[in-house]
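What follows is model23.txt (compact mmCIF, C-alpha atoms).
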```txt
# COMPACT_ATOMS: atom_id res chain seq x y z
CA MET U 12 6.85 10.59 32.27
CA ARG U 13 6.75 7.92 29.57
CA ARG U 14 10.15 6.52 28.67
CA ARG U 15 11.17 6.78 25.04
CA VAL U 16 11.72 3.46 23.29
CA GLY U 17 14.69 3.28 20.94
CA LEU U 18 14.78 1.51 17.58
CA VAL U 19 16.15 -1.71 19.05
CA GLY U 20 13.26 -1.84 21.51
CA LEU U 21 10.70 -1.09 18.81
CA ILE U 22 12.17 -3.79 16.57
CA ALA U 23 11.76 -6.32 19.36
CA ILE U 24 8.20 -5.19 20.04
CA ALA U 25 7.37 -5.42 16.33
CA GLY U 26 8.47 -9.03 16.05
CA LEU U 27 11.92 -8.62 14.55
CA ALA U 28 13.94 -9.79 17.53
CA ALA U 29 14.73 -13.12 15.90
CA ALA U 30 15.71 -11.65 12.54
CA PRO U 31 19.41 -12.07 11.68
CA ALA U 32 21.92 -9.29 11.02
CA LEU U 33 19.61 -6.39 11.79
CA ALA U 34 22.61 -4.08 11.94
CA ASP U 35 22.50 -4.27 8.12
CA PRO U 36 19.49 -4.10 5.80
CA VAL U 37 17.85 -7.49 5.52
CA CYS U 38 16.42 -6.67 2.09
CA GLY U 39 19.00 -5.66 -0.49
CA GLU U 40 18.70 -4.10 -3.90
CA THR U 41 17.76 -6.03 -7.04
CA ALA U 42 17.58 -4.95 -10.67
CA ALA U 43 13.79 -5.14 -10.51
CA MET U 44 13.61 -2.99 -7.38
CA SER U 45 16.05 -0.43 -8.75
CA ARG U 46 13.83 -0.05 -11.82
CA LEU U 47 10.69 0.31 -9.70
CA GLN U 48 12.33 2.88 -7.42
CA THR U 49 13.45 4.88 -10.46
CA ASP U 50 9.91 4.77 -11.85
CA LEU U 51 8.37 5.81 -8.52
CA ALA U 52 10.72 8.81 -8.34
CA GLN U 53 9.44 10.15 -11.69
CA PRO U 54 6.24 12.11 -10.95
CA ARG U 55 5.10 12.04 -14.58
CA GLY U 56 6.59 8.65 -15.36
CA VAL U 57 5.20 5.37 -16.64
CA LEU U 58 1.94 3.90 -15.37
CA LEU U 59 2.38 1.82 -12.21
CA ILE U 60 -0.15 -0.90 -11.40
CA ALA U 61 -1.00 -1.58 -7.74
CA ALA U 62 -2.56 -4.87 -6.61
CA HIS U 63 -5.39 -4.26 -4.13
CA ARG U 64 -4.89 -6.26 -0.90
CA ALA U 65 -2.19 -8.04 -2.91
CA GLY U 66 -3.18 -10.48 -5.67
CA HIS U 67 -6.26 -12.02 -4.09
CA LEU U 68 -8.18 -13.54 -7.00
CA ASP U 69 -6.80 -17.00 -6.23
CA ALA U 70 -5.23 -16.44 -2.80
CA PRO U 71 -6.65 -14.98 0.44
CA GLU U 72 -6.35 -11.21 0.60
CA ASN U 73 -3.40 -9.82 2.57
CA SER U 74 -1.67 -13.21 2.58
CA LEU U 75 1.83 -14.31 1.63
CA ALA U 76 0.30 -16.31 -1.22
CA ALA U 77 -1.44 -13.12 -2.38
CA VAL U 78 1.91 -11.31 -2.54
CA ASP U 79 3.26 -14.10 -4.75
CA GLU U 80 0.15 -13.90 -6.92
CA ALA U 81 0.52 -10.14 -7.35
CA VAL U 82 4.13 -10.54 -8.47
CA ARG U 83 3.15 -13.26 -10.95
CA GLU U 84 0.41 -10.98 -12.27
CA GLY U 85 2.93 -8.23 -12.98
CA ALA U 86 1.99 -5.72 -10.28
CA ASP U 87 4.47 -2.92 -9.61
CA ILE U 88 3.03 -2.23 -6.13
CA VAL U 89 1.20 -4.42 -3.65
CA GLU U 90 -1.26 -2.74 -1.30
CA LEU U 91 -1.19 -4.31 2.17
CA ASP U 92 -3.41 -3.41 5.13
CA VAL U 93 -1.49 -3.31 8.41
CA LYS U 94 -2.66 -3.42 12.01
CA VAL U 95 -0.82 -3.99 15.31
CA SER U 96 -1.67 -6.80 17.71
CA ALA U 97 -2.49 -6.23 21.37
CA ASP U 98 1.10 -7.13 22.26
CA GLY U 99 2.70 -4.90 19.64
CA VAL U 100 3.30 -7.07 16.56
CA PRO U 101 2.29 -5.55 13.18
CA PHE U 102 0.27 -7.94 11.01
CA LEU U 103 -1.87 -7.86 7.88
CA MET U 104 -5.65 -7.48 8.18
CA HIS U 105 -8.13 -5.14 6.53
CA ASP U 106 -11.25 -5.37 8.69
CA ARG U 107 -11.82 -4.18 12.24
CA THR U 108 -12.61 -7.77 13.23
CA VAL U 109 -11.11 -11.08 12.12
CA THR U 110 -14.48 -12.67 11.31
CA ARG U 111 -14.78 -12.22 7.54
CA THR U 112 -11.25 -13.27 6.63
CA THR U 113 -10.61 -16.02 9.20
CA GLY U 114 -13.95 -17.07 10.70
CA GLY U 115 -12.52 -16.13 14.10
CA VAL U 116 -14.01 -13.86 16.71
CA GLY U 117 -12.85 -10.55 18.08
CA GLU U 118 -11.49 -7.16 17.11
CA ALA U 119 -8.22 -7.70 15.28
CA GLU U 120 -6.12 -5.31 17.36
CA SER U 121 -7.46 -6.74 20.63
CA LEU U 122 -5.89 -10.13 19.89
CA THR U 123 -2.34 -11.10 20.77
CA HIS U 124 0.21 -12.32 18.28
CA GLY U 125 -0.25 -15.85 19.61
CA GLN U 126 -4.02 -15.70 19.19
CA LEU U 127 -3.64 -14.44 15.62
CA ARG U 128 -1.25 -17.30 14.81
CA ASP U 129 -3.95 -19.76 15.83
CA LEU U 130 -6.29 -18.38 13.15
CA ARG U 131 -6.33 -19.45 9.50
CA LEU U 132 -7.20 -17.30 6.52
CA ALA U 133 -10.23 -18.54 4.61
CA ASN U 134 -9.54 -21.53 2.35
CA SER U 135 -5.93 -21.56 3.50
CA ALA U 136 -3.56 -23.12 6.01
CA GLU U 137 -1.91 -19.70 6.43
CA PRO U 138 -2.43 -17.50 9.50
CA PRO U 139 -2.65 -13.75 9.07
CA PRO U 140 1.00 -12.91 8.28
CA THR U 141 3.09 -10.55 10.30
CA LEU U 142 4.37 -7.45 8.57
CA VAL U 143 7.89 -8.87 8.87
CA GLU U 144 6.85 -11.98 6.94
CA ALA U 145 5.01 -9.96 4.31
CA LEU U 146 7.82 -7.49 3.69
CA ARG U 147 10.38 -10.24 3.47
CA ARG U 148 8.13 -11.75 0.79
CA THR U 149 7.99 -8.48 -1.17
CA CYS U 150 11.66 -7.63 -0.62
CA GLY U 151 13.39 -6.67 -3.85
CA ARG U 152 10.42 -7.91 -5.92
CA VAL U 153 7.69 -5.28 -5.73
CA LEU U 154 6.99 -1.92 -4.11
CA VAL U 155 4.60 -1.84 -1.14
CA ASP U 156 1.75 0.51 -0.30
CA LEU U 157 1.14 0.15 3.44
CA ASP U 158 -2.46 1.12 4.14
CA MET U 159 -2.28 2.09 7.80
CA LYS U 160 -5.29 0.52 9.47
CA THR U 161 -3.78 1.50 12.82
CA ASP U 162 -2.59 4.61 14.61
CA ARG U 163 0.15 2.64 16.41
CA VAL U 164 2.73 3.95 14.02
CA ALA U 165 6.00 3.26 15.86
CA ALA U 166 5.83 -0.52 15.65
CA VAL U 167 5.12 -0.41 11.91
CA VAL U 168 7.94 2.06 11.22
CA ALA U 169 10.33 -0.12 13.25
CA VAL U 170 9.67 -3.09 10.98
CA VAL U 171 10.16 -1.10 7.77
CA GLU U 172 13.33 0.56 9.02
CA GLY U 173 14.66 -2.59 10.67
CA LEU U 174 14.39 -4.47 7.39
CA GLY U 175 16.12 -1.68 5.50
CA MET U 176 13.06 -1.20 3.28
CA THR U 177 12.33 2.50 3.65
CA ASP U 178 12.86 3.05 -0.06
CA GLN U 179 10.58 0.13 -1.02
CA VAL U 180 7.51 1.22 0.97
CA VAL U 181 4.90 3.99 0.66
CA PHE U 182 2.81 4.77 3.76
CA PHE U 183 -0.85 5.64 3.09
CA ASP U 184 -3.57 6.95 5.36
CA SER U 185 -6.57 9.24 4.95
CA ASP U 186 -5.61 10.82 8.29
CA GLY U 187 -2.74 13.22 7.78
CA GLU U 188 -1.74 13.00 11.43
CA VAL U 189 -0.83 9.33 10.99
CA LEU U 190 1.45 10.22 8.07
CA ARG U 191 3.00 13.09 10.02
CA ALA U 192 3.70 10.64 12.85
CA VAL U 193 5.41 8.34 10.34
CA ARG U 194 7.57 11.21 9.10
CA ARG U 195 8.55 12.23 12.63
CA LEU U 196 9.97 8.76 13.16
CA LEU U 197 11.22 8.19 9.63
CA PRO U 198 11.86 11.50 7.84
CA ARG U 199 12.79 9.80 4.55
CA ALA U 200 9.56 7.82 4.36
CA HIS U 201 7.51 7.93 1.16
CA VAL U 202 3.98 9.02 2.08
CA MET U 203 0.70 9.18 0.17
CA PRO U 204 -2.02 11.46 1.57
CA ARG U 205 -5.60 11.24 0.37
CA VAL U 206 -7.44 14.27 -0.99
CA ASP U 207 -11.10 13.91 -0.06
CA ARG U 208 -12.49 17.10 -1.58
CA PRO U 209 -11.65 19.26 -4.61
CA ASP U 210 -10.23 22.08 -2.47
CA GLY U 211 -8.48 19.75 -0.04
CA LEU U 212 -4.94 19.53 -1.41
CA GLY U 213 -3.47 22.06 1.00
CA ALA U 214 -5.00 20.35 4.04
CA ALA U 215 -3.87 16.92 2.83
CA LEU U 216 -0.28 18.13 2.40
CA ALA U 217 -0.02 20.03 5.68
CA GLY U 218 3.25 19.11 7.38
CA LEU U 219 4.09 16.63 4.61
CA PRO U 220 6.65 18.04 2.16
CA ASP U 221 7.91 15.93 -0.72
CA VAL U 222 5.02 13.48 -0.99
CA ALA U 223 5.53 10.62 -3.43
CA ILE U 224 1.90 10.15 -4.52
CA VAL U 225 -1.44 11.88 -3.94
CA HIS U 226 -4.48 9.60 -3.70
CA GLY U 227 -7.56 11.04 -5.38
CA ASP U 228 -10.74 10.00 -7.17
CA PRO U 229 -12.89 11.29 -10.04
CA ASP U 230 -14.89 13.57 -7.72
CA THR U 231 -11.85 15.30 -6.22
CA LEU U 232 -9.37 15.42 -9.10
CA THR U 233 -10.53 18.66 -10.68
CA PRO U 234 -8.27 20.44 -13.20
CA ASP U 235 -7.15 22.87 -10.49
CA LEU U 236 -6.27 20.08 -8.09
CA ARG U 237 -4.38 18.18 -10.79
CA ARG U 238 -2.38 21.29 -11.60
CA GLY U 239 -1.55 21.56 -7.91
CA VAL U 240 -0.28 17.99 -7.80
CA ARG U 241 1.78 18.52 -10.94
CA GLY U 242 3.36 21.53 -9.27
CA LEU U 243 4.54 19.54 -6.25
CA PRO U 244 5.44 17.39 -8.26
CA ALA U 245 3.89 14.02 -7.31
CA ARG U 246 2.18 11.04 -8.87
CA ILE U 247 -1.61 10.67 -8.82
CA TRP U 248 -3.21 7.41 -7.59
CA VAL U 249 -6.74 6.36 -8.51
CA ASN U 250 -8.69 3.13 -8.11
CA SER U 251 -10.20 1.01 -10.88
CA LEU U 252 -11.97 -1.13 -8.27
CA GLY U 253 -15.59 -1.98 -8.93
CA GLU U 254 -17.10 -0.94 -12.25
CA VAL U 255 -13.87 -0.37 -14.16
CA ASP U 256 -12.37 -3.66 -13.02
CA HIS U 257 -15.62 -5.40 -13.97
CA ALA U 258 -15.45 -3.85 -17.44
CA VAL U 259 -11.83 -5.02 -17.79
CA ALA U 260 -12.70 -8.56 -16.69
CA SER U 261 -15.74 -8.86 -18.93
CA GLY U 262 -14.28 -7.11 -21.97
CA ALA U 263 -17.14 -4.63 -21.91
CA PRO U 264 -17.53 -2.41 -25.01
CA ASP U 265 -16.84 0.72 -22.96
CA VAL U 266 -13.67 -0.54 -21.28
CA CYS U 267 -11.37 1.74 -23.28
CA ALA U 268 -13.52 4.78 -22.53
CA ARG U 269 -13.52 3.92 -18.82
CA LEU U 270 -9.73 3.52 -18.74
CA GLU U 271 -9.24 6.70 -20.75
CA GLY U 272 -11.38 8.48 -18.16
CA LEU U 273 -9.06 7.37 -15.34
CA LEU U 274 -5.88 8.26 -17.20
CA GLY U 275 -7.46 11.55 -18.20
CA LEU U 276 -7.34 12.46 -14.50
CA ASP U 277 -3.53 12.53 -14.86
CA ALA U 278 -3.44 9.24 -12.98
CA ASN U 279 -0.20 7.29 -13.30
CA VAL U 280 -0.81 4.81 -10.48
CA ILE U 281 -3.94 2.65 -10.72
CA GLN U 282 -5.03 0.24 -7.99
CA THR U 283 -6.89 -2.81 -9.24
CA ASP U 284 -8.02 -6.29 -8.30
CA ARG U 285 -6.79 -7.48 -11.72
CA PRO U 286 -3.23 -6.28 -12.39
CA ARG U 287 -2.43 -8.36 -15.49
CA ALA U 288 -5.81 -7.83 -17.13
CA LEU U 289 -5.74 -4.09 -16.47
CA ARG U 290 -2.27 -3.66 -17.93
CA ARG U 291 -3.26 -5.69 -20.99
CA ALA U 292 -6.42 -3.62 -21.45
CA VAL U 293 -4.47 -0.34 -21.21
CA THR U 294 -2.09 -1.62 -23.89
CA ASP U 295 -4.85 -3.00 -26.12
CA CYS U 296 -6.67 0.34 -25.90
CA GLY U 297 -3.51 2.18 -26.96
CA LEU U 298 -3.44 4.18 -23.74
CA SER U 299 -0.66 5.26 -21.40
CA ALA U 300 -0.05 7.65 -18.54
CA ARG U 301 0.14 11.27 -19.65
CA PRO U 302 3.68 12.76 -19.59
```
Rendering of file as structure tokens:
Amino acid sequence: MRRRVGLVGLIAIAGLAAAPALADPVCGETAAMSRLQTDLAQPRGVLLIAAHRAGHLDAPENSLAAVDEAVREGADIVELDVKVSADGVPFLMHDRTVTRTTGGVGEAESLTHGQLRDLRLANSAEPPPTLVEALRRTCGRVLVDLDMKTDRVAAVVAVVEGLGMTDQVVFFDSDGEVLRAVRRLLPRAHVMPRVDRPDGLGAALAGLPDVAIVHGDPDTLTPDLRRGVRGLPARIWVNSLGEVDHAVASGAPDVCARLEGLLGLDANVIQTDRPRALRRAVTDCGLSARP
């Protein structure tokens, strides 16, 4: 029979053993975080802007510098991709391998923490950061969307809980079982399931009461599905990545129509590669999230 590992053991595995005063939350409240938490708790509240892979126009994606960039660019949420190393340390990385972002070799989760620390993110002296490092960087400054690129949930939950940041983090995965595993370990966790078909809301919500946000897209967010999300109630997340972001960056003539199309899906969280430019475009177009 496998022995259950308590929170203290999971914290050590996750790389928090050296963190001070773990009996108390490491990350306290700030005025900015209190405002963001209040906004997140309002299902039909103001538009929240999420920075895709943190603010990576000038910094490497999923880096500490990218977190700082996202905050400077006015993001309300930073999206971070999290994996777990071969020896149990959660770290930031989007791809299955480390090749594109570091020039290294190997599957990301097959490498040890030490091997990852020897790598450097492209055009940077920074190694792929641990989740501890990244969350300490976001602490009290910006909400976090943790895109679970791993099914090794316990180590990730241990970091979030050990830092006292449960109320500052939203867990996202397209696989509902991963989110249910998060909730079993951390019942108060904010979770965001993805709806991948117009009739898929019930399946996406199975075993997940009180979701904070539902992730959809123009193909799935039919009027019936949007009414279902309103009835929960929860926020709706959509992406402006690709064509909409390009229109925002280039000042295309149809940018307002494109943004109106997203907000017309009842979206009140938009993920973008260009947080400041997107917010400015929404304002310039006279648009806002629908109440």
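Distance check against Val193 of chain U using only C-alpha atoms: of U:Gly175, U:Gly218, U:Gly275, U:Gly213, the minimum falls on U:Gly218.
Atom CA of Ala86 of chain U lies 7.8 Å from atom CA of Leu59 of chain U.
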Open item on the list: I'd like to know which of U:Asp156, U:Asp129, U:Asp69, U:Asp106 is closest to Asp87 of chain U, using all atoms listed in the file.
Closed with: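 Closest residue, counting all atoms listed in the file: U:Asp156.
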Open item on the list: Report, in Å with one decimal, the straight-line distance from atom CA of Arg195 of chain U to atom CA of Ala217 of chain U.
Closed with: 13.5 Å
Open item on the list: Let me make sure I understand: among U:Ala214, U:Glu118, U:Asn73, U:Val100, which one has the smallest atom-to-atom distance to Ala145 of chain U if we use all atoms listed in the file?
Closed with: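 Of all the options, U:Asn73 lies closest to Ala145 of chain U.
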- [ ] Would you work out the distance separating atom CA of Arg83 of chain U from atom CA of Glu144 of chain U, expressed in Å to one decimal?
- [x] 18.3 Å
Task: Nearby residues (only C-alpha atoms) at most 6 Å from Asn279 of chain U, same-chain spacing under 4 positions excluded, as a ChimeraX atom specification - done: /U:58,247,300
Counting all atoms listed in the file, what is within 7 Å of Gly151 of chain U, bar same-chain residues fewer than 3 positions away, as a PDB file with C-alpha atoms, keeping the file's coordinate frame?
```pdb
ATOM      1  CA  CYS U  38      16.420  -6.670   2.090  1.00  0.00           C
ATOM      2  CA  GLY U  39      19.000  -5.660  -0.490  1.00  0.00           C
ATOM      3  CA  GLU U  40      18.700  -4.100  -3.900  1.00  0.00           C
ATOM      4  CA  THR U  41      17.760  -6.030  -7.040  1.00  0.00           C
ATOM      5  CA  ALA U  43      13.790  -5.140 -10.510  1.00  0.00           C
ATOM      6  CA  MET U  44      13.610  -2.990  -7.380  1.00  0.00           C
TER       7      MET U  44
END
```
TODO: Fewer than 4 positions away in the same chain doesn't count, so skip those; otherwise give me all residues within 9 Å of Ala52 of chain U, counting all atoms listed in the file, as a PyMOL selection string.
DONE: chain U and resi 47-48+56+223+245-246
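Among U:Leu174, U:Ala65, U:Val293, U:Leu157, the residue with the shortest atom-to-atom distance to Val78 of chain U, counting all atoms listed in the file, is U:Ala65.
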Open item on the list: I'd like to know which of U:His105, U:Lys94, U:Arg64, U:Arg191 is closest to Glu120 of chain U, using all atoms listed in the file.
Closed with: U:Lys94
- [ ] Find, counting all atoms listed in the file, the residue in U:Arg301, U:Cys296, U:Ile281, U:Arg287 that gets nearest to Asp265 of chain U.
- [x] U:Cys296
Task: Near-Val249 of chain U list (7 Å; only C-alpha atoms; drop same-chain fewer than 3 positions) as a ChimeraX atom specification - done: /U:226-228,278,280-282
Serialized selection, C-alpha atoms, as a compact mmCIF listing (two decimals), in the frame of the given file:
```txt
# COMPACT_ATOMS: atom_id res chain seq x y z
CA HIS U 226 -4.48 9.60 -3.70
CA GLY U 227 -7.56 11.04 -5.38
CA ASP U 228 -10.74 10.00 -7.17
CA ALA U 278 -3.44 9.24 -12.98
CA VAL U 280 -0.81 4.81 -10.48
CA ILE U 281 -3.94 2.65 -10.72
CA GLN U 282 -5.03 0.24 -7.99
```
Open item on the list: Using only C-alpha atoms, which protein or nucleic acid residues come within 9 Å of Val181 of chain U? Drop anything in the same chain fewer than 5 positions from it, and give the result as JSON, numbers by chain.
Closed with: {"U": [154, 155, 156, 157, 158, 200, 201, 202, 203, 223, 224]}
